[in-house]
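A.B. asks: Provided herewith: input06.cif, mmCIF, C-alpha atoms and all ligand atoms.
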```cif
data_coords
#
loop_
_atom_site.label_atom_id
_atom_site.label_comp_id
_atom_site.auth_asym_id
_atom_site.auth_seq_id
_atom_site.Cartn_x
_atom_site.Cartn_y
_atom_site.Cartn_z
CA MET A 665 6.11 -13.10 29.34
CA GLY A 666 6.30 -16.90 29.17
CA ILE A 667 6.43 -18.90 25.98
CA ARG A 668 4.99 -22.30 25.14
CA ARG A 669 8.14 -24.15 24.00
CA GLU A 670 6.07 -26.89 22.40
CA HIS A 671 4.50 -24.47 19.93
CA ILE A 672 6.75 -23.31 17.14
CA ASP A 673 5.31 -21.54 14.10
CA ASP A 674 6.87 -22.30 10.74
CA TRP A 675 6.23 -18.66 9.86
CA VAL A 676 5.32 -15.51 11.73
CA ILE A 677 4.11 -12.87 9.29
CA VAL A 678 4.37 -9.32 10.58
CA GLY A 679 1.53 -7.37 8.92
CA GLY A 680 -1.87 -8.53 7.69
CA GLY A 681 -2.21 -6.27 4.64
CA ILE A 682 -2.29 -7.34 1.00
CA HIS A 683 1.30 -8.61 1.15
CA GLY A 684 1.05 -10.49 4.45
CA THR A 685 -2.31 -12.05 3.50
CA CYS A 686 -1.17 -13.09 0.01
CA ALA A 687 1.86 -14.81 1.53
CA ALA A 688 -0.19 -16.35 4.36
CA ARG A 689 -2.60 -18.01 1.91
CA ALA A 690 0.21 -19.54 -0.11
CA LEU A 691 2.17 -20.70 2.94
CA VAL A 692 -0.91 -22.28 4.54
CA ALA A 693 -1.66 -23.97 1.21
CA ALA A 694 1.89 -25.33 1.26
CA GLY A 695 1.15 -26.89 4.65
CA ALA A 696 3.00 -24.41 6.88
CA GLU A 697 1.95 -23.43 10.41
CA VAL A 698 1.46 -19.66 10.11
CA ALA A 699 0.65 -16.82 12.52
CA ILE A 700 -0.08 -13.32 11.24
CA ILE A 701 0.50 -10.47 13.68
CA ASP A 702 -1.25 -7.15 13.11
CA PRO A 703 -2.99 -4.81 15.56
CA ALA A 704 -5.95 -4.33 13.19
CA PRO A 705 -9.29 -6.01 14.02
CA ARG A 706 -9.22 -7.99 10.74
CA LEU A 707 -6.99 -8.77 7.79
CA LEU A 708 -6.71 -6.13 5.03
CA ASP A 709 -8.01 -3.49 7.43
CA ARG A 710 -5.61 -0.77 6.29
CA TRP A 711 -6.34 -1.51 2.64
CA ARG A 712 -10.07 -1.13 3.28
CA SER A 713 -9.73 2.11 5.20
CA ARG A 714 -7.32 3.67 2.69
CA ALA A 715 -9.54 2.66 -0.23
CA ALA A 716 -12.54 4.23 1.55
CA ALA A 717 -10.56 7.38 2.36
CA VAL A 718 -9.93 8.05 -1.33
CA SER A 719 -13.46 6.98 -2.40
CA MET A 720 -11.94 4.28 -4.56
CA ARG A 721 -14.46 2.40 -6.73
CA TRP A 722 -12.18 0.53 -9.13
CA LEU A 723 -8.77 -1.00 -8.72
CA ARG A 724 -6.07 0.28 -10.96
CA SER A 725 -4.55 -3.16 -11.43
CA PRO A 726 -6.10 -5.87 -13.62
CA ALA A 727 -8.21 -8.85 -12.53
CA SER A 728 -5.17 -11.15 -12.56
CA HIS A 729 -3.70 -9.31 -9.53
CA HIS A 730 -5.27 -10.67 -6.35
CA LEU A 731 -4.57 -12.91 -3.33
CA ASP A 732 -5.36 -16.34 -4.76
CA ARG A 733 -3.07 -18.80 -6.50
CA ALA A 734 -4.11 -18.83 -10.16
CA PRO A 735 -4.20 -15.51 -12.05
CA VAL A 736 -7.69 -16.35 -13.44
CA SER A 737 -9.22 -16.88 -9.98
CA LEU A 738 -10.82 -13.43 -9.61
CA HIS A 739 -12.05 -13.53 -13.19
CA HIS A 740 -13.82 -16.86 -12.57
CA PHE A 741 -15.15 -15.62 -9.24
CA VAL A 742 -16.81 -12.58 -10.81
CA HIS A 743 -18.38 -14.61 -13.60
CA GLY A 744 -19.44 -17.39 -11.23
CA GLU A 745 -21.21 -15.11 -8.74
CA ASN A 746 -24.90 -14.48 -9.16
CA ASP A 747 -24.51 -10.77 -8.68
CA PRO A 748 -23.52 -9.30 -12.02
CA GLY A 749 -24.53 -5.76 -11.02
CA ALA A 750 -22.26 -5.53 -7.99
CA LEU A 751 -19.19 -7.42 -9.20
CA ARG A 752 -17.60 -6.06 -12.33
CA LEU A 753 -14.51 -6.20 -14.50
CA ALA A 754 -14.09 -3.35 -16.93
CA GLY A 755 -12.01 -2.04 -19.80
CA PRO A 756 -9.19 -3.60 -21.77
CA PHE A 757 -7.30 -4.43 -18.55
CA ARG A 758 -10.35 -6.09 -16.97
CA ARG A 759 -9.97 -3.99 -13.84
CA PRO A 760 -12.14 -5.24 -10.97
CA ASN A 761 -14.35 -2.90 -9.01
CA LEU A 762 -13.51 -2.66 -5.31
CA GLU A 763 -16.54 -4.77 -4.40
CA ALA A 764 -15.37 -7.65 -6.61
CA PHE A 765 -11.80 -7.49 -5.30
CA MET A 766 -12.96 -7.36 -1.67
CA ARG A 767 -15.51 -10.16 -1.94
CA HIS A 768 -12.95 -12.36 -3.69
CA SER A 769 -10.35 -11.54 -1.01
CA SER A 770 -12.86 -12.36 1.73
CA ARG A 771 -13.59 -15.70 0.10
CA VAL A 772 -9.87 -16.53 -0.11
CA ILE A 773 -9.41 -15.54 3.55
CA ALA A 774 -12.40 -17.68 4.60
CA ASP A 775 -11.43 -20.70 2.45
CA TRP A 776 -7.98 -20.85 4.03
CA GLY A 777 -9.04 -19.98 7.58
CA LEU A 778 -6.64 -17.04 7.64
CA GLU A 779 -8.61 -14.80 10.00
CA ARG A 780 -8.18 -17.27 12.88
CA ARG A 781 -4.41 -17.11 12.39
CA LEU A 782 -4.46 -13.37 13.10
CA VAL A 783 -2.92 -12.35 16.42
CA LYS A 784 -4.07 -8.80 17.11
CA SER A 785 -0.97 -7.08 18.35
CA VAL A 786 2.09 -5.03 17.38
CA VAL A 787 5.46 -6.71 16.98
CA THR A 788 7.98 -4.93 19.17
CA SER A 789 11.07 -7.11 18.89
CA ILE A 790 12.49 -10.00 16.87
CA ARG A 791 15.60 -11.78 18.05
CA GLN A 792 17.39 -15.08 17.68
CA GLU A 793 16.82 -17.72 20.34
CA GLY A 794 18.24 -21.22 19.97
CA GLY A 795 18.19 -21.20 16.16
CA LEU A 796 14.62 -19.81 16.10
CA HIS A 797 13.14 -16.30 16.11
CA ARG A 798 11.54 -15.01 19.26
CA VAL A 799 8.88 -12.49 18.25
CA GLU A 800 7.71 -10.22 21.06
CA CYS A 801 4.32 -8.56 20.81
CA ALA A 802 2.95 -5.53 22.66
CA SER A 803 -0.24 -7.20 23.89
CA ALA A 804 0.04 -10.92 23.16
CA GLU A 805 2.27 -13.82 24.14
CA PRO A 806 5.63 -13.95 22.39
CA ARG A 807 5.98 -16.49 19.60
CA LEU A 808 8.76 -18.75 18.44
CA ALA A 809 9.11 -19.14 14.69
CA ARG A 810 11.40 -20.84 12.23
CA ARG A 811 11.03 -17.99 9.78
CA VAL A 812 9.66 -14.45 9.86
CA LEU A 813 8.17 -12.49 6.96
CA LEU A 814 8.20 -8.70 7.29
CA ALA A 815 5.11 -7.34 5.49
CA VAL A 816 4.66 -4.04 7.31
CA GLY A 817 3.93 -1.82 4.28
CA SER A 818 4.47 1.93 4.48
CA ASN A 819 3.68 3.22 7.93
CA ARG A 820 4.55 6.91 7.53
CA LEU A 821 2.33 9.34 5.68
CA ARG A 822 4.11 11.78 3.38
CA ARG A 823 3.32 15.44 4.07
CA PRO A 824 5.15 18.69 3.59
CA GLY A 825 6.75 20.12 6.76
CA TRP A 826 4.42 23.16 6.82
CA ALA A 827 1.36 20.90 6.82
CA ALA A 828 2.38 19.02 9.95
CA THR A 829 3.21 22.24 11.78
CA LEU A 830 -0.07 23.96 10.88
CA ALA A 831 -2.20 20.86 11.52
CA ASP A 832 -0.60 20.46 14.97
CA ARG A 833 -1.65 24.03 15.74
CA GLY A 834 -5.24 23.27 14.78
CA ALA A 835 -5.46 24.36 11.12
CA PRO A 836 -8.05 22.45 9.04
CA ILE A 837 -5.40 20.42 7.20
CA ARG A 838 -5.21 16.63 7.22
CA HIS A 839 -3.66 13.80 5.28
CA VAL A 840 -6.27 11.86 3.32
CA PHE A 841 -5.42 8.69 5.30
CA GLU A 842 -6.12 10.45 8.61
CA ALA A 843 -9.58 10.50 10.13
CA GLY A 844 -11.66 13.57 9.33
CA GLY A 845 -14.41 14.60 7.04
CA ASP A 846 -16.08 17.55 5.40
CA PRO A 847 -15.67 20.10 4.17
CA VAL A 848 -13.05 19.36 1.52
CA GLU A 849 -12.36 22.59 -0.35
CA ASP A 850 -8.75 22.05 -1.38
CA VAL A 851 -6.92 18.88 -2.37
CA ILE A 852 -3.15 18.78 -2.74
CA GLY A 853 -1.56 16.07 -4.90
CA GLY A 854 -1.23 15.04 -8.52
CA GLY A 855 -1.91 11.30 -8.48
CA ILE A 856 -4.94 9.06 -8.69
CA SER A 857 -5.88 9.50 -5.01
CA ALA A 858 -5.92 13.31 -5.26
CA VAL A 859 -8.18 13.21 -8.32
CA GLN A 860 -10.54 10.65 -6.76
CA VAL A 861 -10.85 12.70 -3.57
CA ALA A 862 -11.42 15.95 -5.50
CA LEU A 863 -14.05 14.31 -7.71
CA HIS A 864 -15.86 12.81 -4.75
CA ALA A 865 -15.85 16.13 -2.84
CA SER A 866 -17.08 17.97 -5.94
CA THR A 867 -20.27 15.89 -6.09
CA LYS A 868 -21.60 17.45 -2.87
CA ASP A 869 -24.27 20.12 -3.30
CA GLY A 870 -22.78 23.44 -4.38
CA ALA A 871 -19.24 22.20 -3.86
CA ARG A 872 -16.32 23.83 -5.65
CA VAL A 873 -12.99 22.14 -5.10
CA ARG A 874 -9.51 23.38 -5.92
CA LEU A 875 -6.94 20.75 -6.94
CA TRP A 876 -3.36 21.85 -6.34
CA HIS A 877 -0.69 19.94 -8.21
CA ARG A 878 2.61 20.32 -9.99
CA ALA A 879 1.41 20.73 -13.59
CA PRO A 880 0.92 18.90 -15.83
CA LEU A 881 -0.89 15.84 -14.47
CA ARG A 882 0.78 12.65 -15.72
CA VAL A 883 -1.79 10.54 -17.56
CA SER A 884 -0.98 6.83 -17.69
CA GLU A 885 -2.84 3.53 -17.25
CA PHE A 886 -0.40 2.44 -14.51
CA ASP A 887 2.11 4.08 -12.19
CA PHE A 888 4.75 1.74 -13.63
CA ALA A 889 5.56 0.26 -17.04
CA TRP A 890 3.40 -2.80 -17.59
CA SER A 891 6.41 -4.88 -18.64
CA TRP A 892 8.01 -4.43 -15.17
CA ALA A 893 5.53 -6.92 -13.72
CA LYS A 894 6.37 -9.60 -16.28
CA HIS A 895 8.62 -12.67 -16.15
CA ARG A 896 11.05 -11.25 -18.67
CA PHE A 897 11.76 -8.14 -16.59
CA MET A 898 12.04 -10.16 -13.37
CA GLY A 899 14.44 -12.51 -15.14
CA THR A 900 16.86 -9.76 -16.16
CA TRP A 901 16.39 -7.40 -13.17
CA GLN A 902 18.77 -9.36 -10.93
CA ASP A 903 21.47 -9.28 -13.64
CA LEU A 904 21.75 -5.50 -13.21
CA GLY A 905 23.44 -5.97 -9.83
CA PRO A 906 22.58 -3.87 -6.75
CA ARG A 907 24.15 -0.69 -8.14
CA GLY A 908 22.36 -0.90 -11.50
CA ARG A 909 19.06 -1.64 -9.76
CA GLN A 910 19.48 1.32 -7.41
CA ASP A 911 20.17 3.60 -10.39
CA PHE A 912 17.07 2.27 -12.14
CA LEU A 913 14.88 2.84 -9.07
CA GLN A 914 16.23 6.35 -8.67
CA ARG A 915 15.53 7.16 -12.33
CA THR A 916 11.99 5.74 -12.14
CA PRO A 917 9.48 8.56 -11.67
CA ARG A 918 7.92 8.51 -8.22
CA ARG A 919 5.33 11.12 -9.17
CA GLY A 920 1.81 9.73 -9.19
CA SER A 921 -0.24 9.47 -12.36
CA VAL A 922 -3.89 9.37 -13.37
CA PRO A 923 -5.45 6.74 -15.67
CA PRO A 924 -7.11 8.15 -18.82
CA GLY A 925 -10.69 7.27 -17.74
CA LEU A 926 -10.32 9.24 -14.51
CA GLU A 927 -8.68 12.11 -16.33
CA ARG A 928 -11.77 12.35 -18.56
CA ARG A 929 -14.02 12.58 -15.50
CA LEU A 930 -11.73 15.26 -14.09
CA SER A 931 -11.87 17.26 -17.34
CA SER A 932 -15.65 17.18 -17.29
CA ALA A 933 -15.72 18.36 -13.64
CA VAL A 934 -13.33 21.18 -14.58
CA SER A 935 -15.50 22.17 -17.58
CA SER A 936 -18.60 22.31 -15.40
CA GLY A 937 -16.77 24.47 -12.85
CA ARG A 938 -17.00 21.95 -10.00
CA ILE A 939 -13.19 21.56 -9.85
CA GLN A 940 -10.63 24.27 -10.43
CA LEU A 941 -7.13 23.15 -11.39
CA MET A 942 -4.50 25.21 -9.61
CA GLY A 943 -0.72 25.00 -9.91
CA PRO A 944 1.74 24.11 -7.17
CA VAL A 945 1.04 25.44 -3.68
CA GLY A 946 3.31 28.27 -2.65
CA ARG A 947 2.58 29.82 0.73
CA VAL A 948 0.18 28.35 3.22
CA GLY A 949 -0.99 30.23 6.28
CA TRP A 950 -3.66 30.00 8.93
CA ASP A 951 -5.59 32.84 10.51
CA GLY A 952 -6.98 30.81 13.39
CA GLY A 953 -10.10 29.90 11.35
CA SER A 954 -9.47 29.20 7.69
CA ALA A 955 -6.26 27.97 6.14
CA GLU A 956 -4.96 30.22 3.36
CA LEU A 957 -3.26 28.87 0.26
CA SER A 958 -1.51 30.79 -2.50
CA LEU A 959 0.01 29.67 -5.74
CA GLU A 960 3.78 29.44 -5.99
CA GLY A 961 5.02 32.94 -6.90
CA ALA A 962 1.58 34.59 -6.51
CA GLY A 963 0.23 36.79 -3.73
CA LEU A 964 -3.51 36.04 -3.91
CA ARG A 965 -4.65 33.97 -0.92
CA HIS A 966 -7.46 31.43 -1.15
CA PRO A 967 -9.17 30.83 2.20
CA SER A 968 -10.06 27.21 2.85
CA ALA A 969 -12.18 25.47 5.48
CA GLY A 970 -10.71 22.06 4.63
CA VAL A 971 -7.40 21.08 3.03
CA VAL A 972 -6.70 17.44 2.25
CA LEU A 973 -3.20 16.20 1.44
CA ALA A 974 -3.21 13.34 -1.05
CA THR A 975 0.56 13.21 -1.01
CA GLY A 976 1.02 9.48 -0.53
CA VAL A 977 3.22 7.57 1.89
CA GLU A 978 6.95 7.56 2.59
CA GLN A 979 8.95 4.68 1.12
CA PRO A 980 10.30 2.80 4.13
CA SER A 981 14.03 2.20 4.50
CA ALA A 982 15.66 -0.94 5.87
CA PRO A 983 16.98 0.75 9.04
CA ALA A 984 13.58 2.36 9.72
CA VAL A 985 11.73 -0.96 9.40
CA ALA A 986 14.37 -2.81 11.43
CA ARG A 987 13.92 -0.24 14.21
CA HIS A 988 10.13 -0.34 13.87
CA VAL A 989 9.90 -4.11 14.48
CA GLY A 990 12.84 -4.18 16.93
CA LEU A 991 14.99 -6.43 14.76
CA ALA A 992 17.97 -7.27 16.93
CA THR A 993 20.11 -8.81 14.17
CA GLU A 994 22.05 -6.53 11.84
CA LEU A 995 21.43 -7.62 8.25
CA PRO A 996 23.05 -6.46 4.97
CA THR A 997 21.73 -3.37 3.19
CA SER A 998 22.63 -1.30 0.17
CA ALA A 999 21.58 2.36 -0.08
CA GLY A 1000 18.86 1.80 2.52
CA PHE A 1001 17.41 -1.34 0.88
CA PRO A 1002 17.74 -4.82 2.38
CA LEU A 1003 19.86 -7.14 0.23
CA LEU A 1004 17.53 -10.09 -0.32
CA GLY A 1005 18.30 -13.58 -1.57
CA ASP A 1006 16.40 -15.48 -4.27
CA ASP A 1007 13.75 -16.56 -1.75
CA MET A 1008 13.31 -12.99 -0.36
CA ASP A 1009 15.54 -13.94 2.61
CA TRP A 1010 17.30 -10.96 4.17
CA GLY A 1011 19.43 -13.36 6.23
CA MET A 1012 18.92 -15.91 9.00
CA GLY A 1013 15.33 -16.66 8.00
CA ILE A 1014 14.00 -13.07 8.03
CA HIS A 1015 12.12 -12.62 4.75
CA VAL A 1016 10.77 -9.39 3.27
CA THR A 1017 7.90 -8.36 1.01
CA GLY A 1018 6.29 -5.02 0.09
CA PRO A 1019 7.91 -1.66 -0.65
CA LEU A 1020 11.05 -2.70 1.23
CA ALA A 1021 11.70 -5.38 -1.41
CA ARG A 1022 12.11 -2.94 -4.33
CA LEU A 1023 15.78 -3.75 -4.82
CA ARG A 1024 14.81 -7.42 -5.23
CA LEU A 1025 11.63 -7.05 -7.32
CA GLY A 1026 11.85 -3.61 -8.93
CA PRO A 1027 9.28 -0.80 -8.91
CA VAL A 1028 6.25 -3.14 -8.71
CA ALA A 1029 7.33 -4.43 -5.27
CA PRO A 1030 4.74 -2.41 -3.24
CA THR A 1031 1.75 -3.38 -5.40
CA ILE A 1032 -0.54 -6.42 -5.52
CA VAL A 1033 1.45 -8.02 -8.31
CA GLY A 1034 4.55 -7.30 -6.21
CA ALA A 1035 2.92 -9.31 -3.41
CA ARG A 1036 2.36 -12.18 -5.88
CA TRP A 1037 5.98 -12.08 -7.02
CA ALA A 1038 7.35 -11.98 -3.48
CA THR A 1039 5.05 -14.80 -2.39
CA SER A 1040 5.98 -16.96 -5.39
CA LYS A 1041 9.62 -16.86 -4.26
CA LEU A 1042 9.05 -17.95 -0.65
CA PRO A 1043 10.39 -21.44 0.14
CA GLY A 1044 7.91 -24.24 -0.54
CA VAL A 1045 5.30 -22.01 -2.21
CA ARG A 1046 3.62 -22.66 -5.56
CA LEU A 1047 2.04 -19.57 -7.11
CA GLN A 1048 1.94 -18.25 -10.64
CA PRO A 1049 2.64 -14.51 -10.19
CA VAL A 1050 1.27 -13.32 -13.56
C1 LIG A 1101 -5.88 3.80 -1.93
C2 LIG A 1101 -4.92 2.82 -2.53
C3 LIG A 1101 -5.27 2.13 -3.66
C4 LIG A 1101 -4.37 1.20 -4.21
N1 LIG A 1101 -4.75 0.54 -5.32
C5 LIG A 1101 -3.94 -0.40 -5.83
C6 LIG A 1101 -4.34 -1.16 -6.97
O1 LIG A 1101 -5.41 -0.98 -7.53
N2 LIG A 1101 -3.49 -2.13 -7.42
C7 LIG A 1101 -2.29 -2.38 -6.83
O2 LIG A 1101 -1.57 -3.28 -7.27
N3 LIG A 1101 -1.87 -1.65 -5.78
C8 LIG A 1101 -2.66 -0.68 -5.26
N4 LIG A 1101 -2.24 0.04 -4.16
C9 LIG A 1101 -0.87 -0.16 -3.64
C10 LIG A 1101 -0.70 -1.38 -2.70
O3 LIG A 1101 -1.16 -2.56 -3.31
C11 LIG A 1101 -1.41 -1.17 -1.40
O4 LIG A 1101 -0.87 -0.05 -0.74
C12 LIG A 1101 -1.35 -2.38 -0.46
O5 LIG A 1101 -2.31 -2.21 0.53
C13 LIG A 1101 0.00 -2.58 0.19
O6 LIG A 1101 -0.11 -3.69 1.03
P1 LIG A 1101 0.91 -4.00 2.22
O7 LIG A 1101 0.52 -5.30 2.77
O8 LIG A 1101 2.31 -3.82 1.74
O9 LIG A 1101 0.74 -2.82 3.26
P2 LIG A 1101 -0.41 -2.38 4.29
O10 LIG A 1101 -1.75 -2.47 3.67
O11 LIG A 1101 0.05 -1.05 4.77
O12 LIG A 1101 -0.33 -3.45 5.45
C14 LIG A 1101 0.72 -3.49 6.37
C15 LIG A 1101 0.18 -4.00 7.68
O13 LIG A 1101 1.27 -4.15 8.58
C16 LIG A 1101 0.82 -3.84 9.88
N5 LIG A 1101 1.97 -3.50 10.72
C17 LIG A 1101 2.83 -2.47 10.58
N6 LIG A 1101 3.75 -2.52 11.57
C18 LIG A 1101 3.45 -3.58 12.35
C19 LIG A 1101 4.04 -4.13 13.52
N7 LIG A 1101 5.12 -3.62 14.11
N8 LIG A 1101 3.47 -5.25 14.05
C20 LIG A 1101 2.37 -5.82 13.48
N9 LIG A 1101 1.80 -5.33 12.36
C21 LIG A 1101 2.32 -4.23 11.80
C22 LIG A 1101 -0.14 -2.66 9.66
O14 LIG A 1101 -1.06 -2.57 10.73
C23 LIG A 1101 -0.81 -3.05 8.34
O15 LIG A 1101 -2.04 -3.72 8.54
C24 LIG A 1101 -3.11 0.98 -3.61
C25 LIG A 1101 -2.77 1.70 -2.46
C26 LIG A 1101 -3.67 2.60 -1.92
C27 LIG A 1101 -3.28 3.35 -0.68
#
```
Just give me the structure of the file as structure tokens.

C.D. replies:
Amino acid sequence: MGIRREHIDDWVIVGGGIHGTCAARALVAAGAEVAIIDPAPRLLDRWRSRAAAVSMRWLRSPASHHLDRAPVSLHHFVHGENDPGALRLAGPFRRPNLEAFMRHSSRVIADWGLERRLVKSVVTSIRQEGGLHRVECASAEPRLARRVLLAVGSNRLRRPGWAATLADRGAPIRHVFEAGGDPVEDVIGGGISAVQVALHASTKDGARVRLWHRAPLRVSEFDFAWSWAKHRFMGTWQDLGPRGRQDFLQRTPRRGSVPPGLERRLSSAVSSGRIQLMGPVGRVGWDGGSAELSLEGAGLRHPSAGVVLATGVEQPSAPAVARHVGLATELPTSAGFPLLGDDMDWGMGIHVTGPLARLRLGPVAPTIVGARWATSKLPGVRLQPV
């Protein structure tokens, strides 16, 4: 396809999720010409659909974690809106409800005209051309850009091998982020999403839901230590060197956790018999109608008309993402992570944010505050991460 030589973007951002949108706002504010490429019909589409899939009502992160520049922006927004019932901040961490976070995000997107910078397509290849990047798209004109930001998130759902095999054969088993609906009789997973899905399913008339997880559930306000999002940690993280950082990431528990408030709601649903806590799943079968689940080491089979896997997403690796976006240039990696410079540059003007930037930003890299940190390091940007 042809290319308009006269038009060169300062930045092409691949992915219009939380990370791509956070960066886009800051880059536009810094005066850059930005295009965001994502096949979704609107920005933050995957965030919205995943939040809906797990019946999320509150964010886990505090009100200071959002897409705008100043940490207090969402706080002011909620208190400035004339809709105190719908927009709320709660608890000691001032967590926003989903409605508040989404309305604030929509305002940021509108204020900076970000939606009209969205090119609805999939990036299929990125290669050097005359000192620029030529970004090919599946269903749009190619673009020339001075710099590229990879913000593609986690594209692969995590599911045990047996689940994929049985689901392909028609068993009533699906990942929570896949389309599908009722009934939900069994939920597999031990993190916040699994508990939210089980609680939501248990509110239906006469519902009894089994929650299968590796006992005990880990109860914690956040999935990571609060201090890991702070300046002090970020200041010393780089000093560990790539090897020390890899060791740290490997030692960090990947297992999901449940905040105390949600755990209390779960306990009450268990006491009233609406949810039954199981242990780890052992054997899973399918008789052509129901799926059948048994506990590890036990023979009793529990028939199920609907099994939902709340088992999260796979952490992407550098080679997998490079293949996914057709990155022609070979760039340096260490143990599957890209080696990123101070300004999140992987080399030759290809920058990275999101889960792929964990070696640069630590365990918070995939989260909203991770997006703020990554954005704050991009050339020319002014943003206070926390
Ligand atoms: C249910 C849920 C609740 C969460 N709650 C919180 C919370 O409260 N606080 C917090 O800090 N974090 C939370 N997180 C974690 C994290 O903040 C989110 O997962 C966040 O959406 C990650 O944003 P992202 O931009 O990295 O990825 P995504 O939202 O996955 O966006 C990536 C985008 O890239 C696009 N893309 C992929 N490949 C291509 C390609 N080749 N070409 C063009 N586009 C492409 C995709 O279409 C997608 O739109 C939550 C996660 C989930 C799933």

A.B. asks: Which neighbours of Phe888 in chain A fall inside 10 Å, counting all atoms listed in the file, when residues of the same chain fewer than 3 positions from it are skipped, and could you give them as a list of chain:residue names?

C.D. replies: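 Listed by chain and then number, they are A:Ser884, A:Glu885, A:Ser891, A:Trp892, A:Ala893, A:Thr916, A:Pro917, A:Arg918, A:Gly920, A:Ser921, A:Pro1027, A:Val1028.
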
A.B. asks: Restricting the calculation to all atoms listed in the file, which member of A:Gly755, A:Gly1005, A:Pro944, A:Gly976 is positioned closest to ligand LIG 1101 (chain A)?

C.D. replies: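 The shortest atom-to-atom distance to ligand LIG 1101 (chain A) comes from A:Gly976.
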
A.B. asks: Which residue out of A:Gln979, A:Ser857, A:Thr1031, A:Gln914 has the minimum interatomic distance to Arg714 in chain A when only C-alpha atoms are used?

C.D. replies: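 Nearest candidate to Arg714 in chain A out of A:Gln979, A:Ser857, A:Thr1031, A:Gln914: A:Ser857.
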
A.B. asks: Can you tell me which residues come within 8 Å of ligand LIG 1101 (chain A) when counting all atoms listed in the file, ideally as a PyMOL selection string?

C.D. replies: chain A and resi 678-685+701-704+707-711+714-718+720+722-726+729+784-788+801+815-819+857+976+988-989+1017-1019+1028+1030-1035

A.B. asks: What gap, in Å, lies between CA of Leu973 in chain A and CA of Leu1020 in chain A?

C.D. replies: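 A separation of 23.7 Å between them.
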
A.B. asks: CA of Pro836 in chain A to CA of Gly970 in chain A: how many Å, to one decimal?

C.D. replies: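 Atom-to-atom, CA of Pro836 in chain A and CA of Gly970 in chain A are spaced 5.2 Å apart.
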
A.B. asks: List every protein, DNA or RNA residue that has an atom no more than 6 Å from (10.9, -10.9, 19.4) in the file's coordinate frame, counting all atoms listed in the file, and report them as a PyMOL selection string.

C.D. replies: chain A and resi 789-791+798-800

A.B. asks: So how far away is CA of Ala984 in chain A from CA of Val1016 in chain A, in Å?

C.D. replies: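 Going from CA of Val1016 in chain A over to CA of Ala984 in chain A covers 13.7 Å.
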
A.B. asks: What are the closest atom pairs, with distances in Å to one decimal, for all residues of range 1008-1042 of chain A lying within 9 Å of range 901-913 of chain A? Consider all atoms listed in the file, order rows by chain and residue number, and present the result as a tab-separated table.

C.D. replies:
```
residue	atom	partner	partner_atom	distance
A:Arg1022	CA	A:Leu913	CA	8.0
A:Leu1023	CA	A:Arg909	CA	6.3
A:Arg1024	CA	A:Gln902	CA	7.2
A:Leu1025	CA	A:Trp901	CA	7.6
A:Gly1026	CA	A:Leu913	CA	7.1
A:Pro1027	CA	A:Leu913	CA	6.7
```

A.B. asks: Can you pull out the residues contacting Asp1009 in chain A? Cut-off 10 Å, using only C-alpha atoms, and skip same-chain residues under 4 positions away; I want them as an MDAnalysis selection string.

C.D. replies: chainID A and resid 811:813 1002:1005 1013:1017 1041:1043

A.B. asks: Pull C-alpha atoms from the residues just selected and write them as an mmCIF file, in the frame of the given file.

C.D. replies:
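Written output follows (out.cif):
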```
data_model
loop_
_atom_site.group_PDB
_atom_site.id
_atom_site.type_symbol
_atom_site.label_atom_id
_atom_site.label_comp_id
_atom_site.auth_asym_id
_atom_site.auth_seq_id
_atom_site.Cartn_x
_atom_site.Cartn_y
_atom_site.Cartn_z
ATOM 1 C CA ARG A 811 11.030 -17.990 9.780
ATOM 2 C CA VAL A 812 9.660 -14.450 9.860
ATOM 3 C CA LEU A 813 8.170 -12.490 6.960
ATOM 4 C CA PRO A 1002 17.740 -4.820 2.380
ATOM 5 C CA LEU A 1003 19.860 -7.140 0.230
ATOM 6 C CA LEU A 1004 17.530 -10.090 -0.320
ATOM 7 C CA GLY A 1005 18.300 -13.580 -1.570
ATOM 8 C CA GLY A 1013 15.330 -16.660 8.000
ATOM 9 C CA ILE A 1014 14.000 -13.070 8.030
ATOM 10 C CA HIS A 1015 12.120 -12.620 4.750
ATOM 11 C CA VAL A 1016 10.770 -9.390 3.270
ATOM 12 C CA THR A 1017 7.900 -8.360 1.010
ATOM 13 C CA LYS A 1041 9.620 -16.860 -4.260
ATOM 14 C CA LEU A 1042 9.050 -17.950 -0.650
ATOM 15 C CA PRO A 1043 10.390 -21.440 0.140
#
```

A.B. asks: Name all residues at most 7 Å from Val851 in chain A (count only C-alpha atoms; drop same-chain ones fewer than 6 positions away) and give them as a list in words.

C.D. replies: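 Result of the neighbour search: Ala858, Ala862, Arg874, Leu875, Trp876, Val971, Val972, Leu973 and Ala974 of chain A.
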
A.B. asks: Restricting the calculation to only C-alpha atoms, which member of A:Val1050, A:Arg807, A:Val676, A:Ala687 is positioned closest to Trp890 in chain A?

C.D. replies: A:Val1050
